Amino acid sequence: TAFLIAPVAQVWIIPYARSAEGAAQLAPLLGEGTSRGIALVFLTAGIIMIVAALLAFLTPVYRRVSASYAQAAARPSGPAAPAPSTPEG
């Protein structure tokens with residue numbers, strides 16, 4: 001993705017963020033400074049990853065894995081622990 005995003009950021013996003021119009025539009029969200037362009041790239045990438053993770057929860061594979069973990073948690077693991085002994089006396 002770095003080979004795809006880096007040229008896009010260098011040619012379009014960063015120059016737009018440094019322009020007067022871009023700075024005015026992005027300032028409320030990303031603040032002031034020269035790093036607004038890369039901040040916009042990271043913000044957009046983060047939002048895309050959140051959406052991708054939320055969509056992954058809807059897949060049949062996720063449901064199968066979740067069911068598998070639920071079944072494994074319900075099963076006792078290993079041999080049963082012996083009951084604690086009480087002193088007879």
# chains A, B, ... in the order shown; residues from 1 in each chain; ligands from 1

call {"tool": "residues_around", "arguments": {"residues": "Ala6 in chain A", "least_positions_apart": "6", "cutoff": "12 Å", "atoms": "only C-alpha atoms", "output": "JSON, numbers by chain"}}
result
{"A": [12, 13, 14, 37, 38, 41, 42]}

call {"tool": "select_by_dssp", "arguments": {"residues": "chain A", "states": "helix (DSSP H, G or I)", "output": "compact mmCIF listing (two decimals) with N, CA and C atoms, in the first residue's frame"}}
result
# COMPACT_ATOMS: atom_id res chain seq x y z
N ALA A 2 2.06 1.16 0.53
CA ALA A 2 2.93 2.34 0.55
C ALA A 2 3.25 2.79 -0.87
N PHE A 3 3.39 1.84 -1.78
CA PHE A 3 3.69 2.21 -3.17
C PHE A 3 2.48 2.83 -3.85
N LEU A 4 1.28 2.59 -3.34
CA LEU A 4 0.09 3.21 -3.91
C LEU A 4 -0.22 4.55 -3.25
N ILE A 5 -0.13 4.60 -1.93
CA ILE A 5 -0.53 5.79 -1.20
C ILE A 5 0.50 6.90 -1.27
N ALA A 6 1.79 6.56 -1.22
CA ALA A 6 2.84 7.59 -1.20
C ALA A 6 2.75 8.54 -2.39
N PRO A 7 2.65 8.03 -3.64
CA PRO A 7 2.53 8.98 -4.75
C PRO A 7 1.25 9.82 -4.71
N VAL A 8 0.16 9.21 -4.29
CA VAL A 8 -1.10 9.95 -4.18
C VAL A 8 -0.96 11.05 -3.14
N ALA A 9 -0.37 10.71 -2.00
CA ALA A 9 -0.18 11.71 -0.95
C ALA A 9 0.76 12.82 -1.41
N GLN A 10 1.84 12.46 -2.08
CA GLN A 10 2.83 13.45 -2.49
C GLN A 10 2.31 14.36 -3.59
N VAL A 11 1.53 13.82 -4.50
CA VAL A 11 1.10 14.61 -5.66
C VAL A 11 -0.19 15.39 -5.38
N TRP A 12 -1.14 14.79 -4.62
CA TRP A 12 -2.43 15.45 -4.46
C TRP A 12 -2.75 15.87 -3.02
N ILE A 13 -2.61 14.97 -2.08
CA ILE A 13 -3.11 15.24 -0.73
C ILE A 13 -2.27 16.30 -0.01
N ILE A 14 -0.96 16.13 0.03
CA ILE A 14 -0.11 17.07 0.77
C ILE A 14 -0.14 18.46 0.13
N PRO A 15 -0.04 18.60 -1.20
CA PRO A 15 -0.16 19.95 -1.77
C PRO A 15 -1.52 20.59 -1.49
N TYR A 16 -2.57 19.78 -1.51
CA TYR A 16 -3.90 20.34 -1.20
C TYR A 16 -3.95 20.81 0.26
N ALA A 17 -3.40 20.01 1.18
CA ALA A 17 -3.43 20.38 2.59
C ALA A 17 -2.59 21.62 2.87
N ARG A 18 -1.56 21.87 2.06
CA ARG A 18 -0.72 23.06 2.25
C ARG A 18 -1.27 24.29 1.55
N ALA A 20 -4.02 27.27 0.60
CA ALA A 20 -4.84 28.11 1.48
C ALA A 20 -6.23 27.52 1.66
N GLU A 21 -6.81 27.03 0.58
CA GLU A 21 -8.16 26.44 0.65
C GLU A 21 -8.15 25.15 1.49
N GLY A 22 -7.18 24.29 1.25
CA GLY A 22 -7.08 23.04 2.00
C GLY A 22 -6.81 23.29 3.47
N ALA A 23 -5.94 24.24 3.75
CA ALA A 23 -5.63 24.57 5.15
C ALA A 23 -6.88 25.06 5.87
N ALA A 24 -7.67 25.88 5.21
CA ALA A 24 -8.89 26.40 5.83
C ALA A 24 -9.90 25.29 6.09
N GLN A 25 -10.01 24.34 5.17
CA GLN A 25 -10.98 23.26 5.34
C GLN A 25 -10.52 22.22 6.35
N LEU A 26 -9.23 21.94 6.41
CA LEU A 26 -8.72 20.87 7.27
C LEU A 26 -8.34 21.35 8.67
N ALA A 27 -8.19 22.63 8.87
CA ALA A 27 -7.75 23.16 10.17
C ALA A 27 -8.66 22.75 11.33
N PRO A 28 -9.97 22.80 11.20
CA PRO A 28 -10.81 22.39 12.35
C PRO A 28 -10.62 20.93 12.74
N LEU A 29 -10.35 20.08 11.78
CA LEU A 29 -10.21 18.65 12.06
C LEU A 29 -8.77 18.26 12.41
N LEU A 30 -7.81 18.80 11.67
CA LEU A 30 -6.42 18.35 11.81
C LEU A 30 -5.50 19.39 12.41
N ARG A 36 -0.44 18.50 8.12
CA ARG A 36 -1.86 18.25 7.90
C ARG A 36 -2.09 17.19 6.83
N GLY A 37 -1.30 17.20 5.78
CA GLY A 37 -1.51 16.25 4.68
C GLY A 37 -1.31 14.81 5.12
N ILE A 38 -0.21 14.54 5.81
CA ILE A 38 0.04 13.17 6.25
C ILE A 38 -0.95 12.79 7.35
N ALA A 39 -1.38 13.76 8.17
CA ALA A 39 -2.40 13.48 9.18
C ALA A 39 -3.71 13.06 8.50
N LEU A 40 -4.03 13.70 7.40
CA LEU A 40 -5.23 13.32 6.66
C LEU A 40 -5.11 11.91 6.10
N VAL A 41 -3.92 11.54 5.62
CA VAL A 41 -3.69 10.19 5.11
C VAL A 41 -3.89 9.17 6.24
N PHE A 42 -3.30 9.43 7.41
CA PHE A 42 -3.44 8.50 8.53
C PHE A 42 -4.89 8.43 9.03
N LEU A 43 -5.57 9.55 9.08
CA LEU A 43 -6.97 9.56 9.51
C LEU A 43 -7.83 8.74 8.55
N THR A 44 -7.64 8.94 7.27
CA THR A 44 -8.41 8.20 6.27
C THR A 44 -8.09 6.70 6.33
N ALA A 45 -6.82 6.37 6.46
CA ALA A 45 -6.44 4.95 6.55
C ALA A 45 -7.03 4.32 7.80
N GLY A 46 -7.03 5.03 8.91
CA GLY A 46 -7.61 4.50 10.14
C GLY A 46 -9.10 4.24 10.01
N ILE A 47 -9.80 5.16 9.39
CA ILE A 47 -11.25 4.99 9.19
C ILE A 47 -11.51 3.80 8.28
N ILE A 48 -10.72 3.65 7.22
CA ILE A 48 -10.88 2.51 6.32
C ILE A 48 -10.64 1.20 7.06
N MET A 49 -9.63 1.16 7.93
CA MET A 49 -9.34 -0.07 8.68
C MET A 49 -10.45 -0.40 9.68
N ILE A 50 -11.03 0.60 10.30
CA ILE A 50 -12.15 0.36 11.22
C ILE A 50 -13.33 -0.22 10.46
N VAL A 51 -13.64 0.34 9.30
CA VAL A 51 -14.74 -0.17 8.48
C VAL A 51 -14.44 -1.60 8.03
N ALA A 52 -13.21 -1.88 7.63
CA ALA A 52 -12.85 -3.24 7.21
C ALA A 52 -12.99 -4.22 8.36
N ALA A 53 -12.59 -3.83 9.55
CA ALA A 53 -12.72 -4.72 10.71
C ALA A 53 -14.19 -4.96 11.05
N LEU A 54 -15.00 -3.93 10.97
CA LEU A 54 -16.43 -4.11 11.24
C LEU A 54 -17.07 -5.01 10.20
N LEU A 55 -16.68 -4.87 8.94
CA LEU A 55 -17.21 -5.75 7.90
C LEU A 55 -16.74 -7.19 8.10
N ALA A 56 -15.55 -7.38 8.64
CA ALA A 56 -15.04 -8.73 8.88
C ALA A 56 -15.91 -9.47 9.90
N PRO A 60 -18.93 -15.14 7.16
CA PRO A 60 -19.17 -16.48 7.68
C PRO A 60 -17.93 -17.09 8.36
N VAL A 61 -16.76 -16.75 7.88
CA VAL A 61 -15.54 -17.28 8.49
C VAL A 61 -15.42 -16.80 9.92
N TYR A 62 -15.70 -15.55 10.18
CA TYR A 62 -15.64 -15.03 11.55
C TYR A 62 -16.65 -15.74 12.44
N ARG A 63 -17.85 -16.00 11.92
CA ARG A 63 -18.85 -16.70 12.71
C ARG A 63 -18.41 -18.12 13.04
N ARG A 64 -17.76 -18.80 12.09
CA ARG A 64 -17.27 -20.15 12.36
C ARG A 64 -16.16 -20.13 13.40
N VAL A 65 -15.25 -19.20 13.29
CA VAL A 65 -14.16 -19.11 14.27
C VAL A 65 -14.72 -18.77 15.65
N SER A 66 -15.67 -17.85 15.72
CA SER A 66 -16.28 -17.49 17.00
C SER A 66 -16.99 -18.70 17.62
N ALA A 67 -17.70 -19.46 16.80
CA ALA A 67 -18.38 -20.65 17.31
C ALA A 67 -17.37 -21.67 17.79
N SER A 68 -16.28 -21.81 17.09
CA SER A 68 -15.23 -22.75 17.48
C SER A 68 -14.64 -22.36 18.84
N TYR A 69 -14.37 -21.09 19.03
CA TYR A 69 -13.84 -20.61 20.31
C TYR A 69 -14.87 -20.80 21.43
N ALA A 70 -16.13 -20.56 21.13
CA ALA A 70 -17.17 -20.72 22.15
C ALA A 70 -17.28 -22.19 22.57
N GLN A 71 -17.18 -23.10 21.60
CA GLN A 71 -17.23 -24.53 21.93
C GLN A 71 -16.02 -24.93 22.75
N ALA A 72 -14.85 -24.43 22.40
CA ALA A 72 -13.63 -24.76 23.14
C ALA A 72 -13.69 -24.22 24.56
N ALA A 73 -14.29 -23.08 24.75
CA ALA A 73 -14.40 -22.50 26.09
C ALA A 73 -15.40 -23.28 26.94
N ALA A 74 -16.41 -23.87 26.31
CA ALA A 74 -17.42 -24.61 27.05
C ALA A 74 -16.91 -25.98 27.48
